[in-house]
Each structure stands twice: as C-alpha cells, then as structure tokens.
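Heads up, the thing below is written out as structure tokens.
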Amino acid sequence: MNDTRLTNAVLTRRDELIALTQDLIRIPTLNPPGRNYHEICTYLEARLTAKGFTCDLIRAEGAPADSEAYPRWNLVARRAGKSPGECVHFNSHHDVVEVGHGWTKDPFGGDLENGRVYGRGACDMKGGLAASIIAAEAFIETYPDFSGAVEISATADEESGGFGGVAYLAENGWFDPARVQHVIIPEPLNKDRICLGHRGVWWAEIETKGRIAHGSMPFLGDSAIRHMGAVLHEIETVLYPYLTTKTTEMPVVPEGARQSTLNINSIHGGEPEQDADYTGLPAPCVADRCRIVLDRRFLIEEDISEVKAEIMRLLEKVKADRPKFEYEIRELFEVAPTMTDRDAPVVRSVATAIERVLAREPEFVVSPGTYDQKHIDRIGRLKNCIAYGPGILDLAHQPDEWVGVDDMLDSARVMALTLHELLVCQ
Ligand SMILES: [Zn+2]
C-alpha cells in the first residue's frame, strides 16, 4: 500500500481541518435545550454533498425533547465506492454541553493559538467530527476506486442520552448490520487509545415513607428521613465494602472505575426547599417522605438482575429490622455493559493504523460511563463498534476546552489508513 500518498492527502488538508473545526465550534449547538441542530446539519450537508456524499437530514420526531422550538436534527452522509463492499461509519454527536464559568477564551470563537483550537465542543467532539471528515475526503481522493461505502453521521443529544440521535437512527435501521459493518465513534479518548465499550448503568429512585406530625412532638409522627438514614447506614457499612470486592477484567480508565461503583446522586426529604427569595423560616414538620437516586455502575462480569437484587435484599433487611419501615423503588434507567472483542475487524484495523502512524502499540480501554455505543449495540445489534478520536478526555466539558491540531491530524491519518485497511486491502 501507498502510505505516503494517503499521509500527504491528510497533511495537505491541515488548514482545511482547522477551518472546519472552527466553523463547527462557531455553531453553538448547546444541549440542553438543543440549539442550532438544523444549522449544523445543513452546514455539513452542503460540505459533504459537494464532496460527492449523498445526505439525509433526519429529524427524530417524537423523541424525548424533540419540539417545534428545538427539533432534534441528525445528518447521515454516505459515499459509495466503485464496487459493492462493506460500509465504514464514523458517528459523531454534534451537541455540546453548557459553557459554564471560568473561560478566558470565547467559547464559540474557535480561536487558534499555539496549535490548539479553543471552544465549547472543540475536544468533545467537533474536533473528532472534523478529523473524520478530513480522513474520509483524503481517502476518497487517494483511492477513488475503493469498494464498499464510507458514512459520516452527525447526531443529536448524546450529552442527554442520545435518544433524539443515535437511538432514533438505530431504531429506524440506520445501524442495521446489513447496511453498516464497522462503526467508529470519534469521542476524545486520546489518539493512541481504542475504547472497546463501557460499563453498565442502573439508576433507581428509592422512597421511604413516614407520617407528618408537628416537629415539637416527633413521637406522634414517623420520620421518613430516619428510615432513609437506616438505608444509608446499610449502604455505607455493608454495600460499599462489598462493591469494592467486585473487580473486572475490563480495562476501564481511570483505574478507580475497574470495580463496581455506586453514587447517590441526590437526596430529598421533608418539605421542599423554598425559592431563594423566600425570607421566612421553614415550618416544623416530621418528614413524611424521603427520596434518594442511586447511580449504580456495573461490570461485564455482573448480571443486571443481581445488581437489582442486591438493593432489594438490602431494603428488605432494613424492613425486617425496623417497625413501620415502608418503601417504594422506581427504576429509572438501565444500560447493559458492552465490550467489543479485541479481534473484531474494526479493532484490528484501527490498531494496525495506530501502530503505523504513531509507531507504538495502541492502548485498549473501556469507558467508566456510557456513550452512544450503547444504542448501536443494543438497538442496532451491531457489535463491531469502537470509540476512537483525538482530544484529551479530561478537557471535555471544562472551561477553555481545546483540541490540538497535530492530534487531529494524527488521528485523521489513523482513520484514513483504517479506511484503506477495510475498503481497499480486503
Ligand atoms: Zn462526547
């Protein structure tokens, strides 16, 4: 194969890559509420149509958060080769999180300084989207006779669960293994890392019940907060130590997440908090209810039914110990853990490309939290999927977020070589 021609085709696009990243950052696709989704999709449609892609603009009608004011728009662009073959799909989310405080740069300016492009979404993940577009364009120009197809999608709402984005596309057949065989998600995981998947998630809300009474005579009521205290005591003294014993073979980064974890996302008990401008005192009442939201992250070695049973057993134990203890549990959300095989074709091809471009072995990792791979895996039933892209994960969602131009170029080279591996060398 001719590495040099492909390498040059990427490297000569340096200025174009910078300009594309800047253009994408300058469209503030804030989520929530989901601004400018149509604008970013039509911007990409114009660019990719001019490069010979066939584009579909897809609104996730009826998906959560889709509305006339904030429609959930997605773009899928496809460029077919000379002959039939497999399809390689690059999927990036186009939404970005809120700006937050502490910026010294214009969050939507796309400033270029010392080889870095700054802005909200630079790293997570407009830099990755731009790199995949440049990689695809360089590959198509160098190998116009390739077989199969290259697809690029820009999808909505990853930052809020992906239901108006990849989940909707997967439900409508866009990731059917009959039409797409390889998926690369250019999330910012560092240019020498291949992310094989993520741990599982289970969210549940537990509510303890009590009886309201005057706070000066608590013995006439029954405090839901004290009941919840007993639940928390059990979690603290029994469940947490037990979870540390559950470790995984998954190469999760950071290493602290190589075990089962539990976070208590929130706790509310008793009367609701008053508005900030309320100047009175709270009323003295015994709390008649208390709620917590659990965020349990679990491992590929664990079964979700066992994850749930642990909590049920804990609650039943507290109930047996405490007279009048009553509770309710509501399940909110669950995602199964997923980990693509290291021998899967997309993994092998990207690994080979990383070795060639960076002259080092790739690091295989697993994400502690989920991302859009969950929908491709579960709804799309497509297992040959990874995350690979430029950018430093720790910078995601931070003030003064940036992506390095050289990192984008390196990973664009890896992506272009991967296309060569999968669509020319076969
Ligand atoms: Zn992201």
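In the structure tokens, the first chain shown is A, the next is B, and so on; residue numbers restart at 1 for each chain, and ligands run from 1 in the order shown.
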Inset, instruction - Return as a list in words every polymer residue, whether protein, DNA or RNA, with at least one atom no more than 7 Å from an atom of ligand 1; count only C-alpha atoms and all ligand atoms. - result: His93, Asp124, Met125, Glu158, Glu159 and Glu187 of chain A
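Neighbouring residues of stretch 30-42 of chain A at 6 Å or closer, counting only C-alpha atoms and skipping chain neighbours under 5 positions away, are Tyr70, Trp73, Leu75, Asp95, Val96 and Val97 of chain A.
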Selection above as a file: C-alpha atoms, as a short mmCIF file (atom, residue, chain, number, x, y, z; two decimals), in the first residue's frame:
```
data_model
loop_
_atom_site.label_atom_id
_atom_site.label_comp_id
_atom_site.auth_asym_id
_atom_site.auth_seq_id
_atom_site.Cartn_x
_atom_site.Cartn_y
_atom_site.Cartn_z
CA TYR A 70 -35.91 22.66 19.36
CA TRP A 73 -31.97 17.02 13.62
CA LEU A 75 -27.35 14.04 9.39
CA ASP A 95 -24.34 18.71 20.52
CA VAL A 96 -22.24 20.39 23.21
CA VAL A 97 -22.81 20.97 26.92
#
```
Inset, instruction - Find the residues around A:Val365 up to 8 Å (only C-alpha atoms counted), leave out those fewer than 3 positions away in its own chain, and share them as an MDAnalysis selection string. - result: chainID A and resid 193:197 250:253
Dump N, CA and C atoms for the selected residues as a PDB file, in the first residue's frame?
```pdb
ATOM      1  N   ARG A 193      -5.447   5.521  21.771  1.00  0.00           N
ATOM      2  CA  ARG A 193      -6.294   4.613  22.552  1.00  0.00           C
ATOM      3  C   ARG A 193      -7.507   4.159  21.759  1.00  0.00           C
ATOM      4  N   ILE A 194      -7.835   2.885  21.925  1.00  0.00           N
ATOM      5  CA  ILE A 194      -9.055   2.351  21.327  1.00  0.00           C
ATOM      6  C   ILE A 194     -10.006   2.017  22.468  1.00  0.00           C
ATOM      7  N   CYS A 195     -11.174   2.621  22.448  1.00  0.00           N
ATOM      8  CA  CYS A 195     -12.142   2.356  23.507  1.00  0.00           C
ATOM      9  C   CYS A 195     -13.111   1.277  23.036  1.00  0.00           C
ATOM     10  N   LEU A 196     -13.110   0.158  23.755  1.00  0.00           N
ATOM     11  CA  LEU A 196     -13.864  -1.022  23.307  1.00  0.00           C
ATOM     12  C   LEU A 196     -15.325  -0.991  23.768  1.00  0.00           C
ATOM     13  N   GLY A 197     -15.621  -0.201  24.771  1.00  0.00           N
ATOM     14  CA  GLY A 197     -17.004  -0.194  25.255  1.00  0.00           C
ATOM     15  C   GLY A 197     -17.112   0.537  26.572  1.00  0.00           C
ATOM     16  N   MET A 250     -12.334  -5.860  32.533  1.00  0.00           N
ATOM     17  CA  MET A 250     -12.463  -4.767  31.567  1.00  0.00           C
ATOM     18  C   MET A 250     -11.348  -3.743  31.826  1.00  0.00           C
ATOM     19  N   PRO A 251     -10.639  -3.274  30.782  1.00  0.00           N
ATOM     20  CA  PRO A 251      -9.570  -2.283  31.010  1.00  0.00           C
ATOM     21  C   PRO A 251     -10.133  -0.871  31.185  1.00  0.00           C
ATOM     22  N   VAL A 252     -10.936  -0.675  32.222  1.00  0.00           N
ATOM     23  CA  VAL A 252     -11.592   0.627  32.413  1.00  0.00           C
ATOM     24  C   VAL A 252     -10.563   1.681  32.816  1.00  0.00           C
ATOM     25  N   VAL A 253     -10.686   2.873  32.249  1.00  0.00           N
ATOM     26  CA  VAL A 253      -9.874   4.015  32.700  1.00  0.00           C
ATOM     27  C   VAL A 253     -10.815   5.113  33.171  1.00  0.00           C
TER      28      VAL A 253
END
```
Inset, instruction - Would you mind listing what lies within 9 Å of stretch 265-276 of chain A as a list in words, with only C-alpha atoms counted and same-chain residues fewer than 5 positions away left out? - result: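 Within the cut-off, the hits are Ile212, Ser223, Ala224, Ile225, Met228, Pro282, Ala283, Cys285, Val286, Ala287, Asp288, Arg289, Cys290, Arg291, Ile292, Val293, Leu294 and Asp295 of chain A.
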Expected file contents, prior selection, N, CA and C atoms, as a compact mmCIF listing (two decimals), in the first residue's frame:
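The file below, part-v1.txt, is the result:
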```txt
# COMPACT_ATOMS: atom_id res chain seq x y z
N ILE A 212 -46.54 12.63 58.68
CA ILE A 212 -46.28 14.01 59.08
C ILE A 212 -46.88 14.27 60.46
N SER A 223 -40.68 9.47 61.03
CA SER A 223 -39.78 10.22 60.14
C SER A 223 -39.23 9.38 58.99
N ALA A 224 -39.60 9.78 57.79
CA ALA A 224 -39.07 9.11 56.59
C ALA A 224 -37.56 9.33 56.46
N ILE A 225 -37.08 10.44 57.01
CA ILE A 225 -35.63 10.73 56.93
C ILE A 225 -34.85 9.75 57.81
N MET A 228 -34.68 6.60 55.99
CA MET A 228 -33.67 6.65 54.93
C MET A 228 -32.27 6.58 55.52
N PRO A 282 -38.42 27.92 57.80
CA PRO A 282 -39.12 26.68 57.45
C PRO A 282 -40.12 26.31 58.56
N ALA A 283 -41.09 25.44 58.21
CA ALA A 283 -42.09 25.02 59.19
C ALA A 283 -41.62 23.75 59.89
N CYS A 285 -41.96 20.25 60.81
CA CYS A 285 -42.75 19.07 60.46
C CYS A 285 -41.88 17.83 60.48
N VAL A 286 -42.48 16.73 60.82
CA VAL A 286 -41.82 15.42 60.67
C VAL A 286 -41.92 15.06 59.18
N ALA A 287 -40.82 14.62 58.61
CA ALA A 287 -40.79 14.33 57.17
C ALA A 287 -41.62 13.09 56.86
N ASP A 288 -42.55 13.24 55.93
CA ASP A 288 -43.36 12.05 55.60
C ASP A 288 -42.85 11.33 54.37
N ARG A 289 -41.83 11.91 53.71
CA ARG A 289 -41.17 11.10 52.70
C ARG A 289 -39.74 11.58 52.45
N CYS A 290 -38.93 10.66 51.96
CA CYS A 290 -37.54 10.95 51.66
C CYS A 290 -37.14 10.11 50.46
N ARG A 291 -36.41 10.76 49.54
CA ARG A 291 -36.03 10.05 48.31
C ARG A 291 -34.54 10.16 48.04
N ILE A 292 -33.99 9.09 47.54
CA ILE A 292 -32.62 9.15 47.00
C ILE A 292 -32.62 8.58 45.59
N VAL A 293 -31.67 9.04 44.78
CA VAL A 293 -31.48 8.46 43.45
C VAL A 293 -30.12 7.77 43.43
N LEU A 294 -30.15 6.49 43.12
CA LEU A 294 -28.92 5.69 43.05
C LEU A 294 -28.42 5.62 41.62
N ASP A 295 -27.10 5.71 41.47
CA ASP A 295 -26.45 5.57 40.17
C ASP A 295 -25.43 4.44 40.30
```
Legend entry - Within 12 Å of A:Phe298 using only C-alpha atoms, minus same-chain residues under 4 positions, as a PyMOL selection string: chain A and resi 198-203+243-244+246-248+250+252+257-263+302-308+334-338+367-370
Could you write out the selected residues, including N, CA and C atoms, as a JSON list (two decimals), in the first residue's frame?
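Saved result, again01.json, follows:
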```json
[["chain", "number", "residue", "atom", "x", "y", "z"],
["A", 198, "HIS", "N", -18.10, 0.18, 27.35],
["A", 198, "HIS", "CA", -18.35, 0.89, 28.60],
["A", 198, "HIS", "C", -18.99, -0.04, 29.64],
["A", 199, "ARG", "N", -18.94, 0.39, 30.92],
["A", 199, "ARG", "CA", -19.62, -0.36, 31.97],
["A", 199, "ARG", "C", -21.14, -0.19, 31.83],
["A", 200, "GLY", "N", -21.88, -0.96, 32.60],
["A", 200, "GLY", "CA", -23.34, -0.84, 32.59],
["A", 200, "GLY", "C", -23.82, 0.20, 33.59],
["A", 201, "VAL", "N", -25.07, 0.59, 33.47],
["A", 201, "VAL", "CA", -25.67, 1.59, 34.35],
["A", 201, "VAL", "C", -27.02, 1.11, 34.82],
["A", 202, "TRP", "N", -27.32, 1.34, 36.09],
["A", 202, "TRP", "CA", -28.69, 1.19, 36.59],
["A", 202, "TRP", "C", -29.00, 2.34, 37.51],
["A", 203, "TRP", "N", -30.04, 3.11, 37.19],
["A", 203, "TRP", "CA", -30.49, 4.20, 38.04],
["A", 203, "TRP", "C", -31.82, 3.81, 38.67],
["A", 243, "LEU", "N", -19.02, -3.84, 47.30],
["A", 243, "LEU", "CA", -18.78, -3.44, 45.90],
["A", 243, "LEU", "C", -17.30, -3.38, 45.56],
["A", 244, "THR", "N", -16.47, -3.01, 46.55],
["A", 244, "THR", "CA", -15.03, -2.93, 46.25],
["A", 244, "THR", "C", -14.44, -4.32, 45.97],
["A", 246, "LYS", "N", -15.85, -6.43, 44.00],
["A", 246, "LYS", "CA", -16.24, -6.82, 42.65],
["A", 246, "LYS", "C", -15.36, -6.08, 41.66],
["A", 247, "THR", "N", -14.37, -6.76, 41.14],
["A", 247, "THR", "CA", -13.45, -6.12, 40.19],
["A", 247, "THR", "C", -13.63, -6.76, 38.81],
["A", 248, "THR", "N", -13.02, -6.12, 37.81],
["A", 248, "THR", "CA", -13.31, -6.52, 36.43],
["A", 248, "THR", "C", -12.06, -6.74, 35.60],
["A", 250, "MET", "N", -12.33, -5.86, 32.53],
["A", 250, "MET", "CA", -12.46, -4.77, 31.57],
["A", 250, "MET", "C", -11.35, -3.74, 31.83],
["A", 252, "VAL", "N", -10.94, -0.68, 32.22],
["A", 252, "VAL", "CA", -11.59, 0.63, 32.41],
["A", 252, "VAL", "C", -10.56, 1.68, 32.82],
["A", 257, "ALA", "N", -12.24, 3.00, 38.42],
["A", 257, "ALA", "CA", -13.53, 2.51, 37.93],
["A", 257, "ALA", "C", -13.46, 1.04, 37.50],
["A", 258, "ARG", "N", -12.34, 0.35, 37.85],
["A", 258, "ARG", "CA", -12.24, -1.08, 37.49],
["A", 258, "ARG", "C", -12.92, -1.95, 38.53],
["A", 259, "GLN", "N", -13.99, -1.45, 39.11],
["A", 259, "GLN", "CA", -14.79, -2.19, 40.07],
["A", 259, "GLN", "C", -16.21, -1.66, 39.99],
["A", 260, "SER", "N", -17.12, -2.33, 40.66],
["A", 260, "SER", "CA", -18.49, -1.82, 40.73],
["A", 260, "SER", "C", -18.49, -0.53, 41.53],
["A", 261, "THR", "N", -19.27, 0.45, 41.09],
["A", 261, "THR", "CA", -19.36, 1.69, 41.86],
["A", 261, "THR", "C", -20.82, 2.07, 42.07],
["A", 262, "LEU", "N", -21.01, 2.88, 43.09],
["A", 262, "LEU", "CA", -22.35, 3.39, 43.40],
["A", 262, "LEU", "C", -22.22, 4.84, 43.79],
["A", 263, "ASN", "N", -23.02, 5.69, 43.17],
["A", 263, "ASN", "CA", -23.12, 7.07, 43.62],
["A", 263, "ASN", "C", -24.55, 7.33, 44.03],
["A", 302, "GLU", "N", -20.97, -8.88, 35.82],
["A", 302, "GLU", "CA", -22.17, -8.88, 36.67],
["A", 302, "GLU", "C", -23.43, -8.99, 35.83],
["A", 303, "ASP", "N", -24.45, -9.59, 36.45],
["A", 303, "ASP", "CA", -25.74, -9.67, 35.80],
["A", 303, "ASP", "C", -26.63, -8.57, 36.37],
["A", 304, "ILE", "N", -27.37, -7.89, 35.49],
["A", 304, "ILE", "CA", -28.17, -6.76, 36.00],
["A", 304, "ILE", "C", -29.22, -7.23, 37.01],
["A", 305, "SER", "N", -29.72, -8.45, 36.86],
["A", 305, "SER", "CA", -30.73, -8.92, 37.82],
["A", 305, "SER", "C", -30.11, -9.05, 39.22],
["A", 306, "GLU", "N", -28.84, -9.40, 39.29],
["A", 306, "GLU", "CA", -28.15, -9.50, 40.57],
["A", 306, "GLU", "C", -27.89, -8.09, 41.14],
["A", 307, "VAL", "N", -27.55, -7.14, 40.25],
["A", 307, "VAL", "CA", -27.34, -5.75, 40.67],
["A", 307, "VAL", "C", -28.60, -5.22, 41.35],
["A", 308, "LYS", "N", -29.74, -5.50, 40.76],
["A", 308, "LYS", "CA", -31.01, -5.05, 41.32],
["A", 308, "LYS", "C", -31.34, -5.81, 42.61],
["A", 334, "GLU", "N", -31.60, 1.97, 32.55],
["A", 334, "GLU", "CA", -30.58, 0.93, 32.59],
["A", 334, "GLU", "C", -29.93, 0.74, 31.22],
["A", 335, "VAL", "N", -28.65, 0.45, 31.24],
["A", 335, "VAL", "CA", -27.89, 0.17, 30.02],
["A", 335, "VAL", "C", -26.96, -1.01, 30.34],
["A", 336, "ALA", "N", -26.93, -1.97, 29.48],
["A", 336, "ALA", "CA", -26.05, -3.12, 29.68],
["A", 336, "ALA", "C", -24.60, -2.74, 29.38],
["A", 337, "PRO", "N", -23.65, -3.34, 30.09],
["A", 337, "PRO", "CA", -22.24, -3.10, 29.72],
["A", 337, "PRO", "C", -21.95, -3.68, 28.34],
["A", 338, "THR", "N", -21.00, -3.10, 27.65],
["A", 338, "THR", "CA", -20.64, -3.65, 26.34],
["A", 338, "THR", "C", -19.13, -3.54, 26.14],
["A", 367, "SER", "N", -14.65, 2.70, 28.82],
["A", 367, "SER", "CA", -15.10, 3.94, 29.45],
["A", 367, "SER", "C", -15.91, 3.64, 30.72],
["A", 368, "PRO", "N", -15.69, 4.44, 31.79],
["A", 368, "PRO", "CA", -16.47, 4.21, 33.01],
["A", 368, "PRO", "C", -17.95, 4.52, 32.82],
["A", 369, "GLY", "N", -18.25, 5.51, 31.96],
["A", 369, "GLY", "CA", -19.64, 5.88, 31.69],
["A", 369, "GLY", "C", -20.02, 5.49, 30.27],
["A", 370, "THR", "N", -21.30, 5.57, 29.99],
["A", 370, "THR", "CA", -21.74, 5.12, 28.66],
["A", 370, "THR", "C", -21.67, 6.25, 27.65]]
```
Legend entry - Residue contacts of stretch 56-63 of chain A (7 Å, only C-alpha atoms) excluding same-chain residues fewer than 2 positions away, as a ChimeraX atom specification: /A:54,65-66,71-77,163-165,168
